[in-house]
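Structure record follows, encoded as structure tokens.
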Amino acid sequence: MKYKDYYEILGLERTASQDDIKRSYRKLARKYHPDVSKHDDAEERFKELGEAYEVLKDPEKRAAYDRLGSDWRSGQEFQPPPNWDEGFEFHGSGAGAGAEENLDDFFEAMFGRAHAHARHAQARAMRQDHHAKVVIDLEDAYRGAQRTISLQTPVVDPQGHISLESRTLNVTIPKGVRAGQHLRLTGQGGAGAPGEPAGDLYLEIAFREHPRFRVDAADVLLDLPVAPWEAALGAPVTVPTPDGAVEMTIPKGSAGGRRLRLKGKGIPGNPPGDLYVVLNIVLPPADTDSAKAAYNTMKQAFRFDPRAQFYG
Amino acid sequence: MKESVTTYLEGKLVDEGIEFTLVELCHVSGASEEELTEWVSEGVFEPTGSRPEEWRFSGASLHRVRIAQRLSHDLQVNAPGIALALDLLDEIDTLRGRLGRLRKG
């Protein structure tokens, strides 16, 4: 397993006070909270922070961690010395922020047992509904889809050790699902107390970023490149939608940025969303003599001053 | 790691057609009854029904309840803070959408 430098994760010196630790954790947790942060690695960073804080905020765990010495570097291969935790009694203080689902190697090996007791007590108190996120393509929301997802559930054995049990679920994603919505899978959550039903599993839907379409609730937006003469004179065009191409007419005299609505062509539902085609006028390059001549002809024909209203 | 178990499942979409009672929503979201009651009194969520035992929450609110629960537990944000944070997150979402449109245009 790899050593983790919890002080480095929190941006602190080893001499930091308990107050410093708390302050630094709070500050970084706000910065990297996955609901707030748009950093690509926010989820990973936040989990690491939670783990570092879980250990360093507790004076007993911190002392045990400090006893490993300060010569280790993050990522270095590491084996805990025998009886490294002798004389320390860890009191589980409940699951730390972010440490819920994916227990980390290093943390698990060093501080896992204390953790397990707390989790065990919690599991007995009430049945647990579990949550997971599933990322689908926009096209899946139009047609419905079949998805295989793998979940890792922590399981506590009679000795109090946690292992990750991996299971695979084949799930039908219904047509018309939107980002942020949840799918409930009855009885697929955590086991309840003996004689009680198991909890449910909730899958939160997110859409993978699409190179072409943007999504706004049930509406879908698409930038469509058009030539200046298509916008000016009107033209029939073929517009891609997540559910296949459709024919549409650009009305004559359209300005750049004009939004054309294809009613009911957004995400299906009752009512379905709309698809908005946003016109993006693209100028042909003046890179040949005939192209330059054509622009010159335009210049003569229009006597057009784009800045007529500009200086007011 | 133990061997995998495969199951085939049909999920139920948690949308406007599903309602949660206060107790059910607590189970589902991991928030406590006290927290949810406080958030309702801040106007973050608007269940139908007048008394807590009559409250019915729309299934569509689950997404925001989960965010509220995480912010509250992970960052110790209190109820007025949750109300503010959710409003600001909505606004950021809207602005990001517009920004994406401008960048492409």
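Going by the structure tokens order, chains are called A, B, ..., each with residues numbered from 1, while ligands are numbered from 1 in the order shown.
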
**Item:** For stretch 271-280 of chain A: contacts at 9 Å, only C-alpha atoms, fewer than 4 positions along chain excluded, given as a PyMOL selection string
**Value:** (chain A and resi 176+217-227+231+239+241+250+254-267) or (chain B and resi 104-105)

Env of stretch 67-70 of chain B: 12 Å cut, atoms = only C-alpha atoms, seq-sep filter 4 positions within chain, self excluded. Answer as a short mmCIF file (atom, residue, chain, number, x, y, z; two decimals) with C-alpha atoms, in the first residue's frame.
data_model
loop_
_atom_site.label_atom_id
_atom_site.label_comp_id
_atom_site.auth_asym_id
_atom_site.auth_seq_id
_atom_site.Cartn_x
_atom_site.Cartn_y
_atom_site.Cartn_z
CA ALA A 29 -13.64 21.22 2.05
CA ARG A 30 -15.61 24.25 0.86
CA HIS A 33 -16.97 19.97 -2.18
CA PRO A 34 -18.30 18.09 -5.23
CA ASP A 35 -21.64 19.94 -5.12
CA VAL A 36 -19.92 23.29 -5.27
CA GLY A 96 -16.10 10.86 8.17
CA ALA A 97 -17.02 13.17 5.36
CA GLY A 98 -16.60 11.47 2.03
CA GLU A 100 -18.44 6.49 3.02
CA GLY A 180 -30.50 15.11 -11.51
CA GLU A 204 -28.77 9.68 -9.59
CA LEU B 25 -37.66 11.45 2.76
CA CYS B 26 -35.40 11.17 5.82
CA HIS B 27 -34.70 7.52 5.00
CA VAL B 28 -34.04 8.28 1.37
CA SER B 29 -31.90 11.38 1.76
CA GLY B 30 -30.05 10.64 4.99
CA ALA B 31 -31.19 13.95 6.47
CA SER B 32 -32.79 14.02 9.91
CA GLU B 33 -36.38 15.09 10.59
CA GLU B 34 -35.11 18.13 12.48
CA GLU B 35 -32.98 19.22 9.54
CA LEU B 36 -35.77 18.78 7.02
CA GLU B 38 -35.72 23.53 9.55
CA TRP B 39 -35.17 23.62 5.80
CA VAL B 40 -38.93 23.73 5.23
CA VAL B 44 -36.01 25.69 0.90
CA PHE B 45 -38.59 22.98 0.28
CA SER B 61 -37.15 17.58 -4.84
CA LEU B 62 -34.87 14.65 -3.98
CA HIS B 63 -31.93 16.06 -5.97
CA ASP B 74 -19.87 17.75 5.07
CA LEU B 75 -19.51 21.48 5.68
CA GLN B 76 -21.74 22.05 8.73
CA VAL B 77 -23.84 24.60 6.85
CA ASN B 78 -26.88 25.71 8.88
CA ALA B 79 -30.43 26.06 7.52
CA PRO B 80 -30.26 29.70 6.34
CA GLY B 81 -26.89 28.86 4.75
CA ILE B 82 -28.43 25.88 2.94
CA ALA B 83 -31.22 28.09 1.62
CA LEU B 84 -28.68 30.60 0.34
CA ALA B 85 -26.32 27.97 -1.09
CA LEU B 86 -29.09 26.21 -3.05
CA ASP B 87 -30.30 29.52 -4.52
CA LEU B 89 -26.09 26.99 -6.99
CA ASP B 90 -29.22 27.33 -9.14
#

Residues of chain A within 6 Å of chain B: nearest atom pair and distance (Å, one decimal) for each, counting only C-alpha atoms, sorted by chain and number, as a Markdown table?
| residue | atom | partner | partner_atom | distance |
| --- | --- | --- | --- | --- |
| A:Ala97 | CA | B:Asp74 | CA | 5.4 |
| A:Asp129 | CA | B:Val28 | CA | 5.7 |
| A:Leu164 | CA | B:Met1 | CA | 5.8 |
| A:Glu165 | CA | B:Lys2 | CA | 5.6 |
| A:Ser166 | CA | B:Ser4 | CA | 5.9 |
| A:Arg167 | CA | B:Ser4 | CA | 4.8 |
| A:Thr168 | CA | B:Thr6 | CA | 5.3 |
| A:Leu169 | CA | B:Thr7 | CA | 5.3 |
| A:Asn170 | CA | B:Tyr8 | CA | 4.8 |
| A:Val171 | CA | B:Leu9 | CA | 5.0 |
| A:Thr172 | CA | B:Glu10 | CA | 5.3 |
| A:Gly180 | CA | B:His63 | CA | 5.8 |
| A:His182 | CA | B:Val14 | CA | 5.3 |
| A:Leu183 | CA | B:Leu13 | CA | 4.6 |
| A:Arg184 | CA | B:Lys12 | CA | 5.0 |
| A:Leu185 | CA | B:Gly11 | CA | 5.0 |

**Item:** strand (DSSP E) positions in stretch 3-93 of chain B, given as JSON, numbers by chain
**Value:** {"B": [6, 7, 8, 9, 10, 12, 13, 14, 19, 20, 57, 58]}

**Message:** When you look at B:Arg56 with a cut-off of 10 Å (counting only C-alpha atoms), what residues show up, excluding the ones that are within fewer than 4 positions of it in the same chain? I need them as an MDAnalysis selection string.
**Reply:** chainID B and resid 18:22 24:25 46:52

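Coordinates place atom CA of A:Ser150 at a distance of 12.2 Å from atom CA of A:Val135.
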
**Message:** Run DSSP on the backbone and tell me which residues of chain B come out as helix (DSSP H, G or I); list them as a PyMOL selection string.
**Reply:** chain B and resi 22-29+33-41+52-54+59-75+79-104

**Prompt:** Which value, in Å to one decimal, gives the distance between atom CA of A:Ala301 and atom CA of A:Pro251?
**Reply:**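 Separation between atom CA of A:Ala301 and atom CA of A:Pro251: 22.4 Å.
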
**Request:** Within 6 Å of stretch 196-203 of chain A, counting only C-alpha atoms, which residues show up once you throw out same-chain ones fewer than 5 positions away? Write them as a ChimeraX atom specification, please.
**Result:** /A:127-133,182-191

**Message:** Give me, as a VMD selection string, all polymer residues having an atom no more than 10 Å from A:Tyr53, counting only C-alpha atoms and skipping those fewer than 2 positions away in the same chain.
**Reply:** chain A and resid 6 to 7 9 to 10 21 to 22 24 to 26 29 47 to 51 55 to 58 62 96 to 97

**Request:** May I ask which of the residues A:Ala64, A:Leu151, A:Val177, A:Leu138 is the closest one to A:Gly269, counting only C-alpha atoms?
**Result:**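 Looking only at the distances to A:Gly269, the closest residue turns out to be A:Val177.
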
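With only C-alpha atoms as the basis for measurement, A:Gln181 is the residue among A:Ser74, A:Asn270, A:Thr238, A:Gln181 that approaches A:Ala206 most closely.
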